[in-house]
$ cat coords.tsv   # TSV, C-alpha atoms
chain	number	residue	atom	x	y	z
A	265	MET	CA	47.38	-80.42	64.50
A	266	GLY	CA	43.89	-81.65	65.39
A	267	LYS	CA	41.12	-81.50	62.79
A	268	LYS	CA	37.85	-79.71	63.65
A	269	ARG	CA	34.93	-82.08	64.00
A	270	VAL	CA	31.81	-80.93	62.16
A	271	ILE	CA	28.63	-82.57	63.30
A	272	MET	CA	25.92	-82.70	60.62
A	273	TYR	CA	22.32	-83.20	61.74
A	274	LYS	CA	19.27	-84.11	59.73
A	275	SER	CA	16.39	-81.65	60.43
A	276	GLN	CA	14.33	-84.20	62.42
A	277	ASP	CA	17.34	-85.00	64.56
A	278	TYR	CA	18.00	-81.39	65.69
A	279	PRO	CA	18.69	-81.09	69.36
A	280	PRO	CA	15.91	-79.09	71.16
A	281	ALA	CA	18.29	-76.28	72.14
A	282	LEU	CA	19.28	-75.70	68.51
A	283	LEU	CA	15.63	-75.77	67.47
A	284	THR	CA	14.80	-73.08	70.02
A	285	LEU	CA	17.71	-70.98	68.78
A	286	ARG	CA	16.54	-71.30	65.17
A	287	ARG	CA	13.02	-70.27	66.14
A	288	LYS	CA	14.31	-67.27	68.08
A	289	ARG	CA	16.51	-66.26	65.12
A	290	SER	CA	13.65	-66.37	62.60
A	291	ALA	CA	11.44	-64.39	65.05
A	292	LEU	CA	14.20	-61.78	65.39
A	293	ILE	CA	14.64	-61.52	61.61
A	294	GLU	CA	10.88	-61.04	61.24
A	295	LYS	CA	10.91	-58.34	63.93
A	296	ILE	CA	13.83	-56.55	62.26
A	297	SER	CA	12.12	-56.55	58.87
A	298	ARG	CA	8.94	-55.20	60.49
A	299	ILE	CA	10.90	-52.41	62.18
A	300	GLU	CA	12.68	-51.63	58.92
A	301	LYS	CA	9.34	-51.37	57.14
A	302	GLU	CA	7.98	-49.07	59.84
A	303	GLU	CA	11.15	-47.00	59.67
A	304	GLU	CA	10.75	-46.63	55.92
A	305	GLU	CA	7.14	-45.49	56.35
A	306	ILE	CA	8.15	-42.94	58.99
A	307	LEU	CA	10.95	-41.66	56.76
A	308	GLN	CA	8.52	-41.28	53.86
A	309	GLN	CA	6.11	-39.35	56.07
A	310	LEU	CA	8.97	-37.21	57.34
A	311	THR	CA	10.17	-36.31	53.85
A	312	LYS	CA	6.59	-35.49	52.90
A	313	SER	CA	6.13	-33.21	55.91
A	314	GLN	CA	9.60	-31.74	55.34
A	315	ARG	CA	8.66	-31.02	51.74
A	316	GLU	CA	5.40	-29.42	52.88
A	317	GLU	CA	7.27	-27.35	55.46
A	318	GLU	CA	9.81	-26.26	52.85
A	319	HIS	CA	6.98	-25.32	50.47
A	320	LYS	CA	5.27	-23.31	53.23
A	321	LYS	CA	8.57	-21.55	54.02
A	322	GLN	CA	9.06	-20.70	50.34
A	323	GLN	CA	5.53	-19.29	50.16
A	324	ILE	CA	6.17	-17.11	53.23
A	325	LEU	CA	9.48	-15.96	51.75
A	326	GLN	CA	7.81	-14.98	48.49
A	327	GLY	CA	5.10	-13.14	50.43
A	328	ILE	CA	7.64	-11.11	52.41
A	329	LYS	CA	9.98	-10.55	49.48
A	330	HIS	CA	7.53	-9.01	47.02
A	331	PHE	CA	6.15	-5.68	48.11
A	332	THR	CA	3.48	-5.17	45.47
A	333	PHE	CA	1.66	-2.02	44.43
A	334	ASN	CA	-1.50	-3.56	45.89
A	335	GLU	CA	0.16	-3.74	49.32
A	336	TYR	CA	1.42	-0.17	48.99
A	337	ALA	CA	-2.15	0.97	48.27
A	338	GLN	CA	-3.41	-0.96	51.31
A	339	ILE	CA	-0.81	0.74	53.52
A	340	VAL	CA	-1.84	4.17	52.24
A	341	ILE	CA	-5.52	3.38	52.88
A	342	GLY	CA	-4.74	1.95	56.35
A	343	THR	CA	-2.75	5.04	57.28
A	344	CYS	CA	-5.56	7.31	56.13
A	345	VAL	CA	-8.46	5.33	57.64
A	346	PHE	CA	-6.91	4.82	61.09
A	347	GLY	CA	-4.44	7.71	61.19
A	348	ILE	CA	-6.53	10.65	59.99
A	349	PRO	CA	-8.99	10.70	62.97
A	350	ALA	CA	-6.05	10.95	65.38
A	351	ILE	CA	-4.00	13.33	63.25
A	352	PHE	CA	-6.92	15.68	62.64
A	353	SER	CA	-7.97	15.83	66.31
A	354	PRO	CA	-6.84	19.06	68.02
A	355	ASP	CA	-6.07	17.24	71.32
A	356	MET	CA	-2.96	15.64	69.82
A	357	TRP	CA	-1.52	18.99	68.75
A	358	ASP	CA	-2.37	20.55	72.15
A	359	ILE	CA	-0.38	17.90	74.03
A	360	LEU	CA	2.66	17.84	71.74
A	361	PRO	CA	4.36	21.13	72.76
A	362	ARG	CA	4.50	19.91	76.40
A	363	VAL	CA	6.10	16.54	75.59
A	364	ASN	CA	9.87	16.04	75.65
A	365	VAL	CA	11.26	15.19	72.20
A	366	MET	CA	13.52	12.39	73.53
A	367	PHE	CA	10.56	10.81	75.31
A	368	LEU	CA	8.65	10.90	72.02
A	369	PHE	CA	11.64	9.38	70.26
A	370	TYR	CA	11.88	6.47	72.73
A	371	ILE	CA	8.16	5.81	72.41
A	372	HIS	CA	8.56	5.88	68.63
A	373	LEU	CA	11.37	3.27	68.86
A	374	PHE	CA	9.17	1.08	71.06
A	375	PHE	CA	6.32	1.36	68.55
A	376	LEU	CA	8.70	0.46	65.74
A	377	ALA	CA	9.71	-2.72	67.58
A	378	CYS	CA	6.02	-3.59	68.08
A	379	VAL	CA	5.27	-3.01	64.39
A	380	PHE	CA	8.25	-5.20	63.45
A	381	LEU	CA	6.92	-8.02	65.64
A	382	ALA	CA	3.43	-7.54	64.22
A	383	LEU	CA	4.81	-7.82	60.67
A	384	ASN	CA	6.63	-11.01	61.68
A	385	TYR	CA	3.39	-12.43	63.09
A	386	GLU	CA	1.43	-11.38	60.01
A	387	PHE	CA	3.58	-13.48	57.70
A	388	ARG	CA	4.69	-16.38	59.89
A	389	ASP	CA	1.85	-16.77	62.42
A	390	ASP	CA	4.53	-16.88	65.09
A	391	PHE	CA	5.77	-14.25	67.52
A	392	ASN	CA	9.29	-15.69	67.71
A	393	LEU	CA	11.78	-14.13	65.34
A	394	ASN	CA	13.52	-16.43	62.86
A	395	ALA	CA	17.03	-15.52	61.72
A	396	SER	CA	16.45	-16.61	58.12
A	397	PHE	CA	13.53	-14.17	57.75
A	398	LEU	CA	15.08	-11.22	59.59
A	399	LYS	CA	16.78	-9.60	56.58
A	400	LEU	CA	13.68	-9.82	54.39
A	401	LEU	CA	11.45	-8.60	57.22
A	402	ALA	CA	13.76	-5.64	57.83
A	403	LYS	CA	13.57	-4.75	54.13
A	404	ARG	CA	9.79	-5.00	54.17
A	405	PHE	CA	9.62	-2.93	57.34
A	406	TYR	CA	11.68	-0.27	55.57
A	407	TYR	CA	9.26	-0.22	52.61
A	408	VAL	CA	6.28	0.07	54.98
A	409	TYR	CA	7.96	2.88	56.96
A	410	PHE	CA	8.76	4.79	53.77
A	411	SER	CA	5.25	4.35	52.34
A	412	VAL	CA	3.69	5.65	55.57
A	413	ALA	CA	6.18	8.55	55.68
A	414	MET	CA	5.08	9.66	52.21
A	415	VAL	CA	1.43	9.88	53.33
A	416	VAL	CA	2.35	11.48	56.66
A	417	VAL	CA	4.38	14.24	54.97
A	418	LEU	CA	1.41	15.04	52.74
A	419	LEU	CA	-0.99	15.13	55.71
A	420	LEU	CA	1.37	17.33	57.75
A	421	THR	CA	1.75	19.73	54.83
A	422	LEU	CA	-2.04	19.84	54.54
A	423	LEU	CA	-2.35	20.74	58.24
A	424	ASP	CA	0.44	23.34	57.95
A	425	LYS	CA	2.58	21.42	60.43
A	426	LEU	CA	5.62	21.36	58.13
A	427	ALA	CA	5.76	25.11	57.61
A	428	TYR	CA	9.08	26.82	56.81
A	429	HIS	CA	8.97	29.07	59.90
A	430	LEU	CA	8.72	26.17	62.40
A	431	THR	CA	11.85	25.09	64.25
A	432	MET	CA	13.49	21.68	63.83
A	433	LEU	CA	12.30	20.69	67.29
A	434	GLU	CA	8.66	21.26	66.37
A	435	ILE	CA	9.04	19.57	63.01
A	436	THR	CA	10.68	16.49	64.60
A	437	LYS	CA	7.93	16.23	67.22
A	438	ASN	CA	5.20	16.57	64.59
A	439	PHE	CA	6.76	14.00	62.29
A	440	ILE	CA	7.59	11.37	64.94
A	441	SER	CA	4.15	11.45	66.55
A	442	THR	CA	2.25	11.38	63.25
A	443	GLN	CA	4.49	8.65	61.84
A	444	SER	CA	3.78	6.43	64.87
A	445	VAL	CA	0.03	6.88	64.44
A	446	GLY	CA	0.26	6.24	60.69
A	447	LEU	CA	2.36	3.08	61.16
A	448	PHE	CA	-0.17	1.65	63.60
A	449	GLY	CA	-2.94	2.41	61.14
A	450	ALA	CA	-1.14	0.66	58.29
A	451	VAL	CA	-0.37	-2.48	60.34
A	452	THR	CA	-3.90	-2.65	61.80
A	453	PHE	CA	-5.38	-2.51	58.33
A	454	SER	CA	-3.19	-5.36	57.09
A	455	PHE	CA	-4.25	-7.45	60.14
A	456	LEU	CA	-7.94	-6.83	59.43
A	457	LYS	CA	-7.42	-7.73	55.78
A	458	LYS	CA	-5.72	-11.00	56.80
A	459	ASP	CA	-8.58	-12.13	59.07
B	83	MET	CA	16.90	-15.29	11.03
B	84	LYS	CA	18.04	-12.07	12.54
B	85	ASN	CA	20.72	-12.21	15.17
B	86	LYS	CA	19.40	-11.09	18.52
B	87	LYS	CA	21.24	-8.12	19.99
B	88	LYS	CA	23.27	-9.36	22.92
B	89	HIS	CA	22.76	-7.35	26.08
B	90	PRO	CA	25.69	-6.94	28.46
B	91	ASP	CA	25.31	-8.77	31.75
B	92	ILE	CA	25.02	-6.05	34.34
B	93	THR	CA	22.80	-7.81	36.83
B	94	PHE	CA	25.34	-7.15	39.57
B	95	LEU	CA	24.60	-3.42	39.30
B	96	LEU	CA	21.09	-3.97	40.55
B	97	ALA	CA	22.06	-5.65	43.82
B	98	TYR	CA	22.64	-3.27	46.70
B	99	THR	CA	25.51	-4.73	48.67
B	100	LYS	CA	27.62	-3.51	51.58
B	101	LYS	CA	30.24	-2.40	49.04
B	102	ASN	CA	27.69	-0.14	47.31
B	103	MET	CA	26.61	1.21	50.67
B	104	LEU	CA	30.19	2.07	51.65
B	105	LEU	CA	30.99	3.67	48.30
B	106	GLY	CA	27.74	5.67	48.38
B	107	GLY	CA	28.57	6.83	51.92
B	108	LEU	CA	32.07	7.83	50.86
B	109	GLY	CA	30.62	9.80	47.94
B	110	THR	CA	28.23	11.61	50.27
B	111	LEU	CA	31.14	12.48	52.54
B	112	LEU	CA	33.12	13.89	49.61
B	113	GLY	CA	30.03	15.84	48.53
B	114	TYR	CA	29.72	17.26	52.01
B	115	LEU	CA	33.37	18.40	52.01
B	116	PHE	CA	32.93	20.01	48.61
B	117	TYR	CA	29.74	21.73	49.79
B	118	THR	CA	31.27	23.01	53.02
B	119	PHE	CA	34.49	24.36	51.54
B	120	VAL	CA	33.43	25.46	48.06
B	121	LEU	CA	29.70	25.92	47.60
B	122	HIS	CA	28.27	26.79	51.01
B	123	GLN	CA	27.20	30.41	50.44
B	124	GLN	CA	26.14	29.98	46.81
B	125	SER	CA	23.74	27.12	47.65
B	126	LEU	CA	22.13	28.90	50.59
B	127	SER	CA	21.46	31.98	48.52
B	128	LYS	CA	19.32	29.91	46.11
B	129	ASP	CA	15.56	30.19	46.47
B	130	ILE	CA	13.97	27.11	48.12
B	131	LYS	CA	11.64	26.60	45.14
B	132	THR	CA	14.63	26.43	42.78
B	133	LEU	CA	16.20	23.83	45.04
B	134	TYR	CA	12.95	21.82	45.06
B	135	TRP	CA	12.86	21.83	41.26
B	136	ILE	CA	16.50	20.79	40.97
B	137	VAL	CA	15.96	17.91	43.42
B	138	TYR	CA	12.76	16.69	41.74
B	139	CYS	CA	14.15	16.91	38.20
B	140	GLY	CA	17.46	15.35	39.32
B	141	GLY	CA	15.60	12.54	41.07
B	142	PHE	CA	13.54	11.86	37.95
B	143	LEU	CA	16.65	11.82	35.74
B	144	LEU	CA	18.34	9.40	38.12
B	145	PHE	CA	15.26	7.18	38.05
B	146	LEU	CA	15.39	7.15	34.24
B	147	LEU	CA	19.12	6.35	34.27
B	148	THR	CA	18.66	3.47	36.70
B	149	SER	CA	15.65	2.26	34.69
B	150	ILE	CA	17.81	2.08	31.55
B	151	ILE	CA	20.49	0.12	33.45
B	152	ALA	CA	17.83	-2.19	34.88
B	153	TYR	CA	16.23	-2.61	31.43
B	154	GLN	CA	19.57	-3.73	30.01
B	155	SER	CA	19.55	-6.50	32.57
B	156	THR	CA	15.88	-7.54	32.76
B	157	HIS	CA	14.77	-6.68	29.18
B	158	THR	CA	11.39	-5.59	30.49
B	159	LEU	CA	9.95	-2.30	31.64
B	160	THR	CA	6.79	-3.63	33.23
B	161	GLY	CA	5.75	-6.56	35.41
B	162	ARG	CA	6.75	-7.79	38.82
B	163	ASP	CA	10.49	-7.57	38.21
B	164	GLY	CA	10.36	-4.82	35.61
B	165	ALA	CA	13.07	-2.21	35.21
B	166	GLY	CA	11.00	0.59	36.73
B	167	ARG	CA	10.31	-1.41	39.87
B	168	ILE	CA	13.94	-2.42	40.31
B	169	ALA	CA	15.13	1.12	39.58
B	170	GLY	CA	12.79	2.58	42.18
B	171	ARG	CA	13.92	0.10	44.81
B	172	ARG	CA	17.61	0.51	44.00
B	173	GLY	CA	17.34	4.30	44.07
B	174	LEU	CA	15.48	4.22	47.38
B	175	PHE	CA	18.37	2.44	49.13
B	176	THR	CA	20.93	4.93	47.82
B	177	PHE	CA	18.70	7.86	48.75
B	178	THR	CA	18.19	6.54	52.29
B	179	ILE	CA	21.91	6.05	52.91
B	180	MET	CA	22.63	9.54	51.58
B	181	THR	CA	19.86	11.05	53.74
B	182	ILE	CA	21.07	9.32	56.92
B	183	ILE	CA	24.69	10.41	56.37
B	184	ILE	CA	23.72	13.98	55.46
B	185	LEU	CA	21.52	14.29	58.57
B	186	ALA	CA	24.29	12.87	60.76
B	187	LEU	CA	26.87	15.26	59.27
B	188	LEU	CA	24.57	18.28	59.64
B	189	VAL	CA	23.94	17.45	63.31
B	190	LEU	CA	27.57	16.54	64.13
B	191	THR	CA	29.01	19.70	62.57
B	192	LYS	CA	26.31	21.76	64.30
B	193	MET	CA	25.06	23.19	61.03
B	194	ILE	CA	21.56	22.52	62.35
B	195	SER	CA	20.20	22.48	65.89
B	196	TRP	CA	16.75	22.16	67.48
B	197	GLN	CA	16.20	25.90	67.09
B	198	THR	CA	17.16	26.06	63.40
B	199	PRO	CA	14.21	27.07	61.18
B	200	PHE	CA	12.92	24.31	58.91
B	201	LEU	CA	13.62	26.46	55.82
B	202	VAL	CA	17.35	26.66	56.61
B	203	PHE	CA	17.48	22.92	57.20
B	204	LEU	CA	15.78	22.25	53.85
B	205	GLN	CA	18.20	24.56	52.05
B	206	HIS	CA	21.18	22.76	53.58
B	207	PHE	CA	19.65	19.36	52.98
B	208	PHE	CA	18.66	19.87	49.34
B	209	SER	CA	21.95	21.55	48.44
B	210	LEU	CA	23.88	18.71	50.05
B	211	LEU	CA	21.70	16.13	48.32
B	212	ILE	CA	22.37	17.70	44.91
B	213	VAL	CA	26.13	18.05	45.47
B	214	SER	CA	26.53	14.61	47.05
B	215	THR	CA	24.71	12.93	44.16
B	216	PHE	CA	27.52	13.93	41.80
B	217	PHE	CA	30.03	12.12	44.01
B	218	ALA	CA	27.98	9.28	45.46
B	219	LEU	CA	26.42	7.90	42.29
B	220	PRO	CA	29.56	7.54	40.16
B	221	LEU	CA	31.19	5.81	43.12
B	222	ASP	CA	28.15	3.64	43.88
B	223	TYR	CA	27.56	2.48	40.29
B	224	GLY	CA	30.87	3.14	38.53
B	225	ILE	CA	33.48	1.93	40.98
B	226	ALA	CA	31.31	-1.03	42.02
B	227	ALA	CA	31.01	-1.99	38.32
B	228	LEU	CA	34.78	-1.62	37.80
B	229	ILE	CA	35.54	-3.80	40.82
B	230	GLU	CA	33.09	-6.42	39.55
B	231	ARG	CA	34.65	-6.34	36.06
B	232	GLU	CA	38.14	-6.83	37.47
B	233	LYS	CA	36.86	-9.71	39.59
B	234	SER	CA	35.24	-11.41	36.59
B	235	LYS	CA	38.46	-11.00	34.53
B	236	ARG	CA	40.49	-12.94	37.09
$ encode --input "coords.tsv" --output "structure tokens"
Amino acid sequence: MGKKRVIMYKSQDYPPALLTLRRKRSALIEKISRIEKEEEEILQQLTKSQREEEHKKQQILQGIKHFTFNEYAQIVIGTCVFGIPAIFSPDMWDILPRVNVMFLFYIHLFFLACVFLALNYEFRDDFNLNASFLKLLAKRFYYVYFSVAMVVVLLLTLLDKLAYHLTMLEITKNFISTQSVGLFGAVTFSFLKKD
Amino acid sequence: MKNKKKHPDITFLLAYTKKNMLLGGLGTLLGYLFYTFVLHQQSLSKDIKTLYWIVYCGGFLLFLLTSIIAYQSTHTLTGRDGAGRIAGRRGLFTFTIMTIIILALLVLTKMISWQTPFLVFLQHFFSLLIVSTFFALPLDYGIAALIEREKSKR
């Protein structure tokens, strides 16, 4: 069994190749430590921006979640301010008997989709829908729809468009068309308030 | 020091889950069957104003009942998450589900059509709402509470 020969050098007697290797090694270690430092800084910035993003998301969530009395009042005012001129104009009621109820219904569905997107934009400043907000947005949309419906029923009763002698077809047409107008009024008002 | 009265934990009653929705729907269906086979003629013969009063007073009583349940859980009647606010929201969900199912049943069984007068529709609708409430609410609140109690026992 042969013994391993270990050659010991004094620092001044280092061979040039070994010296170059040592220099390269220390340069590499320096580079690695610099990269690690940079990485740490980037990670810190990332966590900060992540925290900010999370905070922003929480704020949006709270905004969508709580439907306050103040917002209800704004919806009522929006419906009245923008809806009443259209609802009180005789042209609208002249056209309605000639329009097919299913056509009105499809238009109403399209308007509902638009209002849903507008609500999404109002809270998130983004037109793309986010799955985590969908449930809360749907709930809010439901509250808005119901608030507008309450005003619309009152206005229709005032105009005698919900009379007992009318048929279901006429009542449905009256309600769907007025509800669409009222919804647009409510959403427009909230947009104006935001800007 | 006086011992504080311990309120029962009934927070789960305030959440409106799919289970509550299903039980409420089932109650409405039972109410509809009861209305169609037992009460149909009696309800229609009632004056519309009487029906309005029954619905309004019933709705108010239900609101009070839900407020009491919510108060037991939140210990507050006012504020952002006060009992009144929660009760109103909770009642609104039940009411909507009942309304949708009643409308669907009325249309599917051809009890109303496009040419039906609005008065007849309102009579059917209010009568059904009153009858269905007696079935839907005990199922919605009661059975859901029983299921939750059994689950917590295990």
$ interface_residues --input "coords.tsv" --of "chain B" --to "chain A" --cutoff "7 Å" --atoms "all atoms listed in the file" --output "list in words"
Trp196, Gln197, Thr198, Pro199, Phe200 and Leu201 of chain B
$ atom_distance --input "coords.tsv" --atom1 "atom CA of Ile440 of chain A" --atom2 "atom CA of Ala382 of chain A"
19.4 Å
$ residues_near_point --input "coords.tsv" --point "(-2.0, 10.5, 56.6)" --cutoff "10 Å" --atoms "all atoms listed in the file" --output "VMD selection string"
chain A and resid 340 to 352 412 to 420 422 442 to 443 445 to 447 449
$ residues_around --input "coords.tsv" --residues "Ile136 of chain B" --least-positions-apart "5" --cutoff "12 Å" --atoms "all atoms listed in the file" --output "ChimeraX atom specification"
/B:125,128-131,141-144,205,208-213,215
$ atom_distance --input "coords.tsv" --atom1 "atom CA of Glu316 of chain A" --atom2 "atom CA of Lys301 of chain A"
22.7 Å
$ atom_distance --input "coords.tsv" --atom1 "atom CA of His206 of chain B" --atom2 "atom CA of Phe119 of chain B"
13.6 Å
$ closest_residue --input "coords.tsv" --among "A:Lys295, A:Lys288, A:Lys425, A:Lys437" --to "Met366 of chain A" --atoms "all atoms listed in the file"
A:Lys437
$ residues_around --input "coords.tsv" --residues "segment 394-399 of chain A" --least-positions-apart "6" --cutoff "12 Å" --atoms "all atoms listed in the file" --output "ChimeraX atom specification"
/A:321-322,324-329,380-381,383-385,387-388,405-406
$ residues_near_point --input "coords.tsv" --point "(17.3, 12.1, 39.7)" --cutoff "12 Å" --atoms "only C-alpha atoms" --output "list in words"
Tyr134, Trp135, Ile136, Val137, Tyr138, Cys139, Gly140, Gly141, Phe142, Leu143, Leu144, Phe145, Leu146, Leu147, Thr148, Ser149, Ala169, Gly170, Gly173, Leu174, Thr176, Phe177, Leu211, Ile212, Thr215, Phe216 and Leu219 of chain B
$ axis_aligned_box --input "coords.tsv" --around "segment 374-388 of chain A" --padding-each-side "8 Å" --output "AutoDock Vina command-line options"
--center_x 5.6 --center_y -7.5 --center_z 64.4 --size_x 24.3 --size_y 33.7 --size_z 29.4
